[in-house]
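Next comes query.pdb, with PDB, C-alpha atoms.
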```pdb
ATOM      1  CA  GLN S 199     138.037 -89.241 157.040
ATOM      2  CA  VAL S 200     136.681 -90.952 153.943
ATOM      3  CA  GLN S 201     137.755 -89.539 150.619
ATOM      4  CA  LEU S 202     136.154 -90.066 147.241
ATOM      5  CA  VAL S 203     138.409 -89.340 144.297
ATOM      6  CA  GLU S 204     136.703 -88.805 140.971
ATOM      7  CA  SER S 205     138.413 -88.858 137.608
ATOM      8  CA  GLY S 206     137.639 -89.174 133.921
ATOM      9  CA  GLY S 207     135.944 -85.875 133.210
ATOM     10  CA  GLY S 208     136.927 -83.638 130.344
ATOM     11  CA  LEU S 209     135.896 -81.967 127.109
ATOM     12  CA  VAL S 210     134.253 -84.049 124.402
ATOM     13  CA  GLU S 211     132.276 -83.401 121.250
ATOM     14  CA  ALA S 212     128.601 -84.256 121.014
ATOM     15  CA  GLY S 213     128.194 -87.961 120.348
ATOM     16  CA  GLY S 214     131.392 -88.830 122.160
ATOM     17  CA  SER S 215     131.998 -90.915 125.266
ATOM     18  CA  LEU S 216     133.626 -90.570 128.654
ATOM     19  CA  ARG S 217     134.070 -92.905 131.581
ATOM     20  CA  LEU S 218     134.033 -91.499 135.084
ATOM     21  CA  SER S 219     135.595 -93.274 138.043
ATOM     22  CA  CYS S 220     135.136 -92.734 141.753
ATOM     23  CA  ALA S 221     137.550 -94.449 144.103
ATOM     24  CA  ALA S 222     136.837 -94.609 147.820
ATOM     25  CA  SER S 223     139.673 -94.416 150.337
ATOM     26  CA  ALA S 224     138.002 -97.082 152.468
ATOM     27  CA  THR S 225     136.892-100.624 151.735
ATOM     28  CA  ARG S 226     133.315-101.748 151.112
ATOM     29  CA  ARG S 227     133.135-102.932 154.698
ATOM     30  CA  ALA S 228     133.224 -99.290 155.799
ATOM     31  CA  VAL S 229     131.905 -97.277 152.856
ATOM     32  CA  THR S 230     129.666 -98.078 149.898
ATOM     33  CA  VAL S 231     129.960 -96.031 146.728
ATOM     34  CA  THR S 232     126.481 -95.747 145.319
ATOM     35  CA  ALA S 233     125.544 -92.929 142.980
ATOM     36  CA  TRP S 234     126.454 -90.237 140.507
ATOM     37  CA  TYR S 235     124.878 -86.802 140.602
ATOM     38  CA  ARG S 236     125.478 -83.776 138.433
ATOM     39  CA  GLN S 237     125.013 -80.058 138.719
ATOM     40  CA  ALA S 238     124.882 -77.713 135.759
ATOM     41  CA  PRO S 239     125.386 -73.952 136.185
ATOM     42  CA  GLY S 240     122.314 -72.329 137.667
ATOM     43  CA  LYS S 241     120.606 -75.661 138.286
ATOM     44  CA  GLN S 242     120.089 -77.918 141.255
ATOM     45  CA  ARG S 243     122.104 -81.048 141.744
ATOM     46  CA  GLU S 244     120.283 -84.013 140.241
ATOM     47  CA  LEU S 245     120.616 -87.771 140.429
ATOM     48  CA  VAL S 246     122.078 -89.289 137.283
ATOM     49  CA  ALA S 247     122.402 -92.962 138.205
ATOM     50  CA  ALA S 248     122.538 -95.143 141.293
ATOM     51  CA  VAL S 249     123.217 -98.734 142.240
ATOM     52  CA  ASP S 250     121.926-100.133 145.531
ATOM     53  CA  ARG S 251     123.351-102.816 147.796
ATOM     54  CA  ASN S 252     121.519-105.479 145.801
ATOM     55  CA  GLU S 253     123.053-104.212 142.545
ATOM     56  CA  ARG S 254     119.797-102.798 141.290
ATOM     57  CA  ARG S 255     120.308 -99.797 139.074
ATOM     58  CA  ASN S 256     118.218 -96.776 138.346
ATOM     59  CA  TYR S 257     118.790 -93.909 135.967
ATOM     60  CA  ALA S 258     117.472 -90.454 135.277
ATOM     61  CA  ASP S 259     115.168 -90.536 132.271
ATOM     62  CA  SER S 260     117.457 -88.161 130.423
ATOM     63  CA  VAL S 261     120.364 -90.628 130.446
ATOM     64  CA  LYS S 262     118.613 -93.991 130.065
ATOM     65  CA  GLY S 263     120.089 -95.967 127.216
ATOM     66  CA  ARG S 264     123.204 -93.782 127.087
ATOM     67  CA  PHE S 265     124.806 -94.047 130.545
ATOM     68  CA  THR S 266     125.731 -97.166 132.478
ATOM     69  CA  ILE S 267     126.648 -97.268 136.163
ATOM     70  CA  SER S 268     128.792-100.083 137.498
ATOM     71  CA  ARG S 269     130.709-100.881 140.643
ATOM     72  CA  ASP S 270     133.814-102.890 141.427
ATOM     73  CA  ASN S 271     133.025-104.141 144.917
ATOM     74  CA  THR S 272     136.509-105.543 145.417
ATOM     75  CA  LYS S 273     138.227-102.232 144.786
ATOM     76  CA  ASN S 274     135.265-100.119 145.930
ATOM     77  CA  ILE S 275     135.259 -98.056 142.759
ATOM     78  CA  LEU S 276     132.166 -96.662 141.076
ATOM     79  CA  TYR S 277     132.065 -96.064 137.344
ATOM     80  CA  LEU S 278     129.836 -94.165 134.976
ATOM     81  CA  GLN S 279     130.147 -94.982 131.302
ATOM     82  CA  MET S 280     128.650 -92.137 129.312
ATOM     83  CA  ASN S 281     127.958 -92.641 125.623
ATOM     84  CA  ASN S 282     126.387 -90.390 123.002
ATOM     85  CA  LEU S 283     127.048 -87.351 125.157
ATOM     86  CA  GLN S 284     125.052 -84.245 124.422
ATOM     87  CA  PRO S 285     125.614 -80.571 125.309
ATOM     88  CA  GLU S 286     122.882 -80.810 127.943
ATOM     89  CA  ASP S 287     125.029 -83.357 129.779
ATOM     90  CA  THR S 288     127.538 -80.604 130.552
ATOM     91  CA  ALA S 289     127.862 -80.355 134.323
ATOM     92  CA  VAL S 290     130.042 -81.109 137.295
ATOM     93  CA  TYR S 291     129.577 -84.760 138.165
ATOM     94  CA  TYR S 292     129.724 -85.870 141.799
ATOM     95  CA  CYS S 293     130.091 -89.289 143.330
ATOM     96  CA  LYS S 294     128.205 -90.182 146.505
ATOM     97  CA  ALA S 295     128.899 -92.869 149.057
ATOM     98  CA  TYR S 296     127.492 -93.827 152.429
ATOM     99  CA  LYS S 297     128.771 -95.479 155.550
ATOM    100  CA  THR S 298     127.937 -99.107 154.977
ATOM    101  CA  TRP S 299     126.406 -99.711 158.410
ATOM    102  CA  ASP S 300     124.903 -96.228 158.743
ATOM    103  CA  PRO S 301     123.487 -95.245 155.326
ATOM    104  CA  GLN S 302     122.326 -91.863 156.550
ATOM    105  CA  LEU S 303     125.955 -90.789 156.864
ATOM    106  CA  GLU S 304     126.918 -89.706 153.368
ATOM    107  CA  PHE S 305     130.133 -88.670 151.678
ATOM    108  CA  TRP S 306     130.671 -86.695 148.489
ATOM    109  CA  GLY S 307     133.508 -86.372 146.047
ATOM    110  CA  GLN S 308     134.950 -83.072 144.929
ATOM    111  CA  GLY S 309     133.369 -83.295 141.488
ATOM    112  CA  THR S 310     134.699 -83.678 137.987
ATOM    113  CA  GLN S 311     133.803 -81.384 135.103
ATOM    114  CA  VAL S 312     132.223 -82.810 131.971
ATOM    115  CA  THR S 313     131.855 -80.444 129.045
ATOM    116  CA  VAL S 314     130.188 -81.471 125.801
ATOM    117  CA  SER S 315     130.574 -79.205 122.791
ATOM    118  CA  SER S 316     128.033 -79.068 120.009
TER
END
```
Render the structure in this file as structure tokens.
Amino acid sequence: QVQLVESGGGLVEAGGSLRLSCAASATRRAVTVTAWYRQAPGKQRELVAAVDRNERRNYADSVKGRFTISRDNTKNILYLQMNNLQPEDTAVYYCKAYKTWDPQLEFWGQGTQVTVSS
């Protein structure tokens, strides 16, 4: 069973920064960590940032210029550097991965809470 362990969430003031990490329990040969999503109370889960197998990145419009997604392919860890955080960024952040040779099989982390105070 693949596990994704997220860390780095917490409470920060508006304008502050946090760095999220998502470590997969399997190597890149088996599982590819690929994206960060978030879900605020009463809202649907939304894509925040993703990196594909060719290292192309895409971001939600609301985070462009503030968030940066990166991946350590050797350690199979996904990162999300979040700068200039705003109260509207408050949410539970989830990491997503897929089985490398069967991308339709997805895995999710347990989520990490990010709270931004005004």
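Closest approach to Val314 of chain S among S:Gln237, S:Ser268, S:Glu286, S:Trp299: S:Glu286, based on only C-alpha atoms.
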Quiz prompt | Distance query Val246 of chain S at most 7 Å, all atoms listed in the file, self and fewer than 5 positions along chain excluded, as an MDAnalysis selection string | solution = chainID S and resid 234:236 257:258
Would you save the residues from that selection as a JSON list (two decimals), keeping the file's coordinate frame, using C-alpha atoms?
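The resulting result-v5.json:
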```
[["chain", "number", "residue", "atom", "x", "y", "z"],
["S", 234, "TRP", "CA", 126.45, -90.24, 140.51],
["S", 235, "TYR", "CA", 124.88, -86.80, 140.60],
["S", 236, "ARG", "CA", 125.48, -83.78, 138.43],
["S", 257, "TYR", "CA", 118.79, -93.91, 135.97],
["S", 258, "ALA", "CA", 117.47, -90.45, 135.28]]
```
Exercise. Output the residue selection produced by the PyMOL selection byres ((chain S and resi 313) around 7) on the file above, formatted as a list in words.
Key: Gly208, Leu209, Val210, Thr288, Ala289, Gln311, Val312, Val314 and Ser315 of chain S
Quiz item: Where does the PyMOL selection byres ((chain S and resi 280) around 6) land in this file, that is, which residues does it pick, as a ChimeraX atom specification?
Solution: /S:215-217,265,279,281
Quiz item: Which residues, written as a ChimeraX atom specification, have at least one atom at most 10 Å from Cys293 of chain S, with all atoms listed in the file counted and residues fewer than 5 positions away on the same chain left out?
Solution: /S:202-204,218-222,231-236,247-248,276-278,305-310
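You can rank S:Ser205, S:Arg269, S:Gln242, S:Asp287 by their closest distance to Thr230 of chain S using all atoms listed in the file, and at the top of that list sits S:Arg269.
Put simply, atom CA of Pro285 of chain S is 24.2 Å away from atom CA of Arg255 of chain S.
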Given 5 Å of margin on each side, can you work out the centre and size in Å (one decimal) of an axis-aligned box holding every listed atom of segment 234-247 of chain S, as lines of an AutoDock Vina configuration file?
```
center_x = 123.3
center_y = -82.6
center_z = 138.8
size_x = 16.4
size_y = 30.6
size_z = 16.0
```
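Atom to atom, atom CA of Gln199 of chain S and atom CA of Arg226 of chain S stand 14.6 Å apart.
Take atom CA of Arg254 of chain S and atom CA of Asn282 of chain S: the distance between them is 23.1 Å.
Counting only C-alpha atoms, the residue from S:Leu283, S:Val290, S:Ala295, S:Ile275 that sits nearest to Val200 of chain S is S:Ala295.
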Reconstruct N, CA, C and O atoms of segment 203-216 of chain S from the incomplete input and present them as a tab-separated table (two decimals), keeping the file's coordinate frame.
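Done, and the output landed in rebuild_35.tsv:
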```tsv
chain	number	residue	atom	x	y	z
S	203	VAL	N	137.62	-90.00	145.34
S	203	VAL	CA	138.41	-89.34	144.30
S	203	VAL	C	137.82	-89.66	142.94
S	203	VAL	O	137.83	-90.83	142.51
S	204	GLU	N	137.32	-88.63	142.29
S	204	GLU	CA	136.70	-88.80	140.97
S	204	GLU	C	137.71	-88.48	139.89
S	204	GLU	O	138.58	-87.62	140.05
S	205	SER	N	137.56	-89.12	138.76
S	205	SER	CA	138.41	-88.86	137.61
S	205	SER	C	137.67	-89.22	136.34
S	205	SER	O	136.62	-89.88	136.39
S	206	GLY	N	138.21	-88.79	135.20
S	206	GLY	CA	137.64	-89.17	133.92
S	206	GLY	C	136.87	-88.09	133.21
S	206	GLY	O	136.44	-88.28	132.07
S	207	GLY	N	136.65	-86.96	133.86
S	207	GLY	CA	135.94	-85.88	133.21
S	207	GLY	C	136.81	-85.23	132.14
S	207	GLY	O	137.99	-85.52	131.99
S	208	GLY	N	136.18	-84.33	131.38
S	208	GLY	CA	136.93	-83.64	130.34
S	208	GLY	C	136.02	-83.00	129.32
S	208	GLY	O	134.81	-82.85	129.54
S	209	LEU	N	136.62	-82.60	128.22
S	209	LEU	CA	135.90	-81.97	127.11
S	209	LEU	C	135.74	-82.98	125.98
S	209	LEU	O	136.72	-83.62	125.57
S	210	VAL	N	134.53	-83.10	125.48
S	210	VAL	CA	134.25	-84.05	124.40
S	210	VAL	C	133.22	-83.45	123.46
S	210	VAL	O	132.40	-82.62	123.87
S	211	GLU	N	133.27	-83.86	122.21
S	211	GLU	CA	132.28	-83.40	121.25
S	211	GLU	C	130.98	-84.18	121.40
S	211	GLU	O	130.98	-85.32	121.90
S	212	ALA	N	129.89	-83.58	120.97
S	212	ALA	CA	128.60	-84.26	121.01
S	212	ALA	C	128.70	-85.59	120.28
S	212	ALA	O	129.31	-85.69	119.21
S	213	GLY	N	128.12	-86.62	120.90
S	213	GLY	CA	128.19	-87.96	120.35
S	213	GLY	C	129.34	-88.78	120.89
S	213	GLY	O	129.41	-89.99	120.65
S	214	GLY	N	130.24	-88.14	121.61
S	214	GLY	CA	131.39	-88.83	122.16
S	214	GLY	C	131.10	-89.54	123.46
S	214	GLY	O	129.95	-89.55	123.94
S	215	SER	N	132.14	-90.13	124.04
S	215	SER	CA	132.00	-90.92	125.27
S	215	SER	C	133.06	-90.52	126.29
S	215	SER	O	134.15	-90.07	125.94
S	216	LEU	N	132.70	-90.72	127.54
S	216	LEU	CA	133.63	-90.57	128.65
S	216	LEU	C	133.29	-91.63	129.69
S	216	LEU	O	132.14	-92.07	129.78
```
